[in-house]
Each structure stands twice: as structure tokens, then as C-alpha cells.
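Contents: one structure, followed by commentary.
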Amino acid sequence: MEKKREISGKILYICTREREREMEGLREVKKDHSREGSGIDIEGSFEGTTEEREFNSMREPVLLRNRKNNTSQFHIFGANVCPIESLDYEIAENKCFKQEWRSRKKVELYQYVFLKWTFALLIGLGTGLVGFFNNLVVENIAGFKLLLTNNLMLKDKYYLAFASYAGCNMILAIVAAALCAYVAPAAAGSGIPEVKAYLNGVDAQSILAPTTLFVKIFGSIFGVASGFVVGMEGPMAHIGACIAFLLGQGGSRKYHLTWNWLRYFKNDRDRRDLVTCGAAAGVAAAFRAPVGGVLFALEEAASWWRSALLWRTFFTTAVVAVVLRGFLEFCQTGKCGLYGQGGLIMFDASSRKATYNTADLLAVIFLGVLGGILGSFYNYCIDKVLRTYSIINGRGPSFKILLVIFISFLTSCCSYGLPWLAPCIPCPTHLSELCPTKGRSGNYKNFHCPSNYYNDLASLFFNTSDYAIRNMLTSSAEKRFKFATLLVFFVATYGLGIITYGIAIPSGLFIPVILAGASCGRLAGKMLDPLTSLDVGLFALLGAASFLGGTMRMTVSLCVILLELTNDLLMLPLMMLVILISKTVADIFNKGIYDQIVKLKGLPYMEAHAEPYLRNLVASDVVSGPLIAFSGVERVGNILHALKITGHNGFPVIDEPPHTEAPELCGLVLRSHLLVLLKAKKFTKERVMTGSGIVNMFKELDFAKAGSGKGVKLEDLEFSEEEMEMYVDLHPITNTSPYTVVETTSLAKAAVLFRELGLRHLCVVPKTAGRPPIVGILTRHDFMPEHILGLYPHFKPHN
């Protein structure tokens, strides 16, 4: 049995018998020329002859210093902590891959392109159908609940009305919480941070699984219908990504869906493109904003983009718009139950004049500053709430449900109790609609008021979020709200939005922020009414844009989404101004809400820009061990031992004499490929290259990534003692063109290269000859501030 030795207490290098014999020969020489203090100590330091030091440098291919990466490689999954993997966006150009591509016919390339567009079409159809289904069910459930409560109030049964209202809300909330707590914990929350991390290259557990999709759909329906101050926009982006991910699984042997064409998508690279289309389709379905969905994917979600992906994403969102338009036209006939107003324009604000002067611009600047300050404070509060809720949720599913019940009861008390504080207002004359409103929706809620009177605060609270926003955006000529009403509604929605996010239900952040921003904007419009000519409804729209810019920190996509929502192109200059100001002000205090949540979940996200302090370091300053390398023809026992003692997913392959004159880097081999190769047991008793036989034995599909994380497991492999002593040729499955940087490369450049190319491994090679052919491997964890600042605490990150 070959002897294995750990060098420097850090670096493990698996050597051949020839190397061991050479080392033993050097030790014999050392015995003949021994002197006091010479030899190899347990730390691997070497004091001996020049020949011995040269051989020792060959044995130790990485670091001679004791360095480890102690950053967490786990993330928060629901209330659990689960390991993080990275995605293989890089193409492994090994001999098997090249042989497969050389054998492909032209018609297969056309099939591949045709399938890409077909999947884009299916993603658009699926996401559009789910978006319409969600809205239809929410409107009918919420309509039934509000009708039941309103009928009881008309009979002066106020306590029973509250019991019915709070009871319906609580039952719906418990169902949503139970689904998230017991079936799919990853479905809780918005989902946009998880999708954003996936497109950055982070493979977090179950974030796009079928169970997550199921719970996200029905959990968001029950959560929104239960009256929580949450939206369906973030969950819809997650739902679209899940649909795209499932389509991109490349077939399923379990369900006998193994059509030969589907094999093209059994890789992370194509799945990434599909998930990008799905996220854009989800936003398009939620806001009915197809162009805004594309820009959202470009600006916020995707870390990697190209023109071909832009075309397919635009096509996907266009399909979503057509599907929604068709179903909404059908609902206009009254065949959708209690479904309310439809149309691709949700809040039409185009009928008002948008003329403005210098005083109006100053008022808009003030609103932008206010939105930036309050938006950053909103993010700060959500950060603290999420940290508190993580302690509660970590105690088990029952505590998650209890927290949801408490927040549901508090929300019901606010939405039912606060309108009692508002006075009854006489109905305006010459209205085109009934006052007070009869039915489940409308602008003039009667609540407890007598005939021909309405309650303006009930029109906001005792309604669905969409109708509350419509009421906020109406002009002052159509609807007037008292100053106290707007103040109470702003404080309530601002506070409830903060404490609701983080509980175990699917919840979007857009609607709470729009509600708080619109009420604050309308409030500011009433205060500045003597100084400005802008309508308070337009102030409400600008306030929503300001708050969204202050929390989300998006610019172009946010502006286009709001324009598509309101159909008010004349407001474009003012909207651009208020968003830019609010984002600039908010960036002074903290990061965007999604960036904060990504960090809280422990997801190792690679930023688009490198921190300034990274320019003071080079690649070799942060590379860590242990590094395990294989020979081009390696012993089976060595490979199996390395796979057992480490969780590494990439291993350098080094060609050594007699196959080469000197050790040289052959390339990089993936763990999953090694498992497939070992399972085939294509071994030899002698240490010889058998590449052609292995290439003919395997196809590229054999090494393709299995769907939903299922593939060859190390535990499934069994070998006899004789097989453990045999050899296997790694050249056919080795990626012979891995991305490399010289050890003196600026760490900032290495980080940008790693992120822009979507890498999982970046090899660091020596600058000078006569050294081991590889210094180490950089992964995304080596670029994390926690690791770098742990090694060099004197550097200060840029806030």
C-alpha cells in the first residue's frame, strides 16, 4: 500500500510510487551526510541539501504557510443550515466533450436552437397561466371574505364581523405557514435573493425544487388573500424561475421523459439562461409589465448577460403579456367570479396633466430625499426583524406557525380597527360610481357609516392591495383623503410591512413599499399643495417610485415597470429624477434590501465590482488549502481516499515522468466526472494511459449533470482490495483548458474574471519555472470578505 503523507500540516499531494522511491533515496543520502538539526519536521519544513530542498519544493505544490479558509460554506435554508455548492457554468473541454461535439450533425445544432426557443415559449405560457391563476384565486377568496364581513356589518353585527374577518385571515395564514414550515421551507420570503444568488453561481438547496414551486404558488395565494401587507411580485419571479428550472432538467428517467433532444440541457449553463427567462417572465406576470420584466432580469437578477439571451427573454415576457391579455379579456365578461378590474395597465394615471415648473422640481427633489432616507431605514428595520425572526423560526415549525398567527391577528386588528377612528364623509355628488360602494371592492367603502356616507380609511384598509393602490393614485378631483387618514395608513403599512416580512409565508416586498410610498407621497402632496401645481395622485406615484428606489436600489427597470403600470409616459422625467435621488441618498446608509437578505442567508454572492482593498493583494495571498492533486494516471485507492476525506469538487491533474519530462499541469477534473469514471471500473494493473478506450466507452451525456442533484454517489461505489491497487487514466475526463491566473495577478482582477466568466474554479499557477505546476485553486469562498479580512484584518472594506 502506497504511503500517504500530509505536508506542511496543510497541503496534501497524492504522489506516485516513483516519487516515494526517489524520496527514500534522498533520505538515504541525508543519512550519509547528516548534521544536527537537519531533516523534515512534522510541519514539513526542510533543512538539508540543495537536492533535498528542490525535491521538497516539488512535493509541496501550494503553500508553505498554514492557511485555511474558515468562512462558512453553509446558508440559511428555512430555519435550517445547509451546505452551499457552486454551479459549473464553465464548459469542461475534455476529450469526451470534444469527441461528442465533433460527432454532432448540423441538424442537431438546429434542434438545440429550436429547443431553446420552444422552452422560452413554454416558460412564458406556464408563468402567464400561473400568474393569472394566482390573481384569480386571490381576488375570489379576498372578495368572499370582504363580502361576508361587509354583510355582517350591514346587519350591525360588528363583533361577529370582526371574528369572521380575523378568522378567515388566520385560517388562510395558517395554511400558508404550514406549507412553508413542513413542506418547503425555501418557499418562504420573496425568492428574488435566492434566484439572484443562483444566477450568480450559487447552488443553494431546494430553492428551485418542485416542492418549492408548489408551495410558492399556493402559499402566496393564501398569504396575500389572508390580508397580510405582502405582495405576489417577488414570489412570481421565484415561480417563473422554478418553472424554467424544471423545464431545463433535461428529461427524467424516473418519469420516462428521456427524449434524446432533452440531453442538451443537462448542464448548468443552459439552465442559467432558462432561469433568467423565468425570473423575467415572473416579474412581467406580476406587474403585467413585459419590458420591465426583461430589464429587471438584466439589472437586478442576472450576473451574466448577452444579446441572444436578451432576445429570448423578451420573447418570453411577450408571451406572458399575450396570455394575460387573453385571460383578462375573458374575465371582462364577468365569468371569473369576483375577479375585479383587469387589463395590462393596472393603475391608469394617464388622464392627468403632468406640467411642472421649478417649484415642482424642488418638491420632487424633496420627495426623493425623503424616500431615500425612509427607504434605507426600512431596510435597516427589516434586517433587524429578520435576525430576530431567525431565532424564533429556528425553534421549530410550530414556532413559525405561532409567529404567523400573531402577525395575522395584529394585521386583522389594524385593518378592521383603525377605520373606526376615521369620521364618516358625505359622498361627493356627480360620481360615475356608486357611493357608498356595494360589493367587495370600490373607492367608497361604507364600513360603519350611514347611507350616503363613506369611510376613507376603510377604502384603503378594508380592501385588497391593488384597490388600495388605485385609490391612492386617483386624482384629488375624484377622491379626497384627509391628512390624518393618510398619516395613519402610512404608519400602519410601513410598520406592518416591516414586521410581516420574514415570517414563514411567501411574501413580496414591492406591494408593501408601494403602499407606504404612495401614502407618503400623497401626504407630501397635501402638505406642499400651496407650493406646487402637481396633483396629489401624481405625488403618490412619485412617492411610490421614491420608496422603491430607496429600498430596492433599482433604476431603469423600476422606472419602466412603473410606467407600464400607470401608462403615464409624461411622468418619465420626474420619475427618473426621484428614483435617482432616492437611490443616491439611500446608498449612503446601507445596501439594497435584496443584497442585505443575500448576506443574511449566508449566500456567497460575487459582486460585479471588486472592493478597493483587493488591489493591494495578489492571488497567492488568499489561496488556501488543502489542495489535492492527481497524477494523469492515478491509483484508484488514492482517488477514493481523496474523495472521502474532502468535499472538493475540482482537482488539478498533473502529468509526471515518465509521461512528461517534468511535472506539468494537465488540467482540472471534476468530482462528479471522477465518480462516473470510477463506477465504470475501467482500470488497469499497470500505470499506463488508456485514453482512447475510455473516450470510446463514454458519451458526453454520461457526464452530464443529473437533474435535481441526483447522480452517482460516493457511497454507491464499492471496490475490492485488488481494484484499489489498480490505476485509471484521468486524461479523457480532464478539462485541459481551465482558466488560470499567475500567482502575482491582482486579486481585484481575479475576482472580476471569476465573476464575469461564471467560474467555479480558478487555477493559480506559479510565475517562475522549476516550481510545482500549480499554486492552488481559487473558489468563490476565497473572494469573500470574511476570508480575506480574516487573513488581513488591517484592510477596511468599503461600505
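Identifiers in this document derive from the order of the C-alpha cells: chains are assigned A, B, ..., residues are numbered from 1 separately in each chain, and ligands are numbered from 1 in order of occurrence.
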
Inset, instruction - Find the spatial neighbours of segment 289-291 of chain A, counting only C-alpha atoms, within a cut-off of 9 Å - ignore same-chain residues fewer than 5 positions away - and output them as a ChimeraX atom specification. - result: /A:280-281,283-284,296,314,316-321,344-345,557,560-565

Which segment 283-360 of chain A residues have any atom within 9 Å of an atom of segment 220-233 of chain A, and for each, what is the nearest pair of atoms with distance in Å to one decimal, counting only C-alpha atoms, rows sorted by chain and number, as a Markdown table?
| residue | atom | partner | partner_atom | distance |
| --- | --- | --- | --- | --- |
| A:Val283 | CA | A:Glu233 | CA | 6.2 |
| A:Ala285 | CA | A:Glu233 | CA | 8.3 |
| A:Ala286 | CA | A:Glu233 | CA | 5.0 |
| A:Phe287 | CA | A:Glu233 | CA | 7.1 |

Legend entry - Selected residue, from A:Leu457, A:Cys277, A:Leu627, A:Ile243, that lies nearest to Tyr416 of chain A when counting only C-alpha atoms: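 Nearest to Tyr416 of chain A: A:Leu457.
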
Inset, instruction - Rank A:Met554, A:Glu634, A:Lys713, A:Asn696 by their smallest atom-to-atom distance to Gly292 of chain A, using only C-alpha atoms, and report the top residue only. - result: A:Met554

Inset, instruction - Provide the atom CA of Asn379 of chain A to atom CA of Gly495 of chain A distance in Å, to one decimal place. - result: 11.9 Å

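Comparing A:Asn94, A:Ser631, A:Ser620, A:Thr779 by their smallest distance to Val764 of chain A, the closest is A:Ser620 (using only C-alpha atoms).
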
Legend entry - Spatial neighbours of His648 of chain A, max dist 12 Å, only C-alpha atoms, sep filter under 2 positions, as a count of residues only: 29

Inset, instruction - Just the strand (DSSP E) stuff from segment 400-636 of chain A, please, per backbone DSSP, written as a list in words. - result: Ile425, Pro426, Tyr453, Tyr454, Phe630, Ser631, Val633, Glu634 and Arg635 of chain A

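Closest approach to Asp702 of chain A among A:Pro428, A:Ile733, A:Gly143, A:Leu309: A:Ile733, based on only C-alpha atoms.
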
Inset, instruction - Extract, using only C-alpha atoms, all DNA, RNA and protein residues at most 7 Å from segment 714-731 of chain A, discarding same-chain residues fewer than 6 positions from it, and format them as number ranges by chain. - result: A: 632-637, 675, 679, 682-687, 689-691

Inset, instruction - For atom CA of Ala619 of chain A and atom CA of Val202 of chain A, determine how far apart the two atoms are, in Å to one decimal place. - result: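 That distance, rounded to one decimal, is 21.6 Å.
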
Inset, instruction - Using only C-alpha atoms, find the one residue out of A:Ala524, A:Leu338, A:Val556, A:Ile123 that sits nearest to Leu136 of chain A. - result: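 Smallest distance to Leu136 of chain A is found for A:Leu338.
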
Inset, instruction - May I ask for the distance between atom CA of Tyr467 of chain A and atom CA of Val215 of chain A, given in Å to one decimal place? - result: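 Between these atoms lies a distance of 25.8 Å.
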
Legend entry - Shortest interatomic distance to Phe218 of chain A - which of A:Ser451, A:Thr355, A:Ser507, A:Ser475, counting only C-alpha atoms: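 With only C-alpha atoms as the atom set, the closest residue is A:Ser507.
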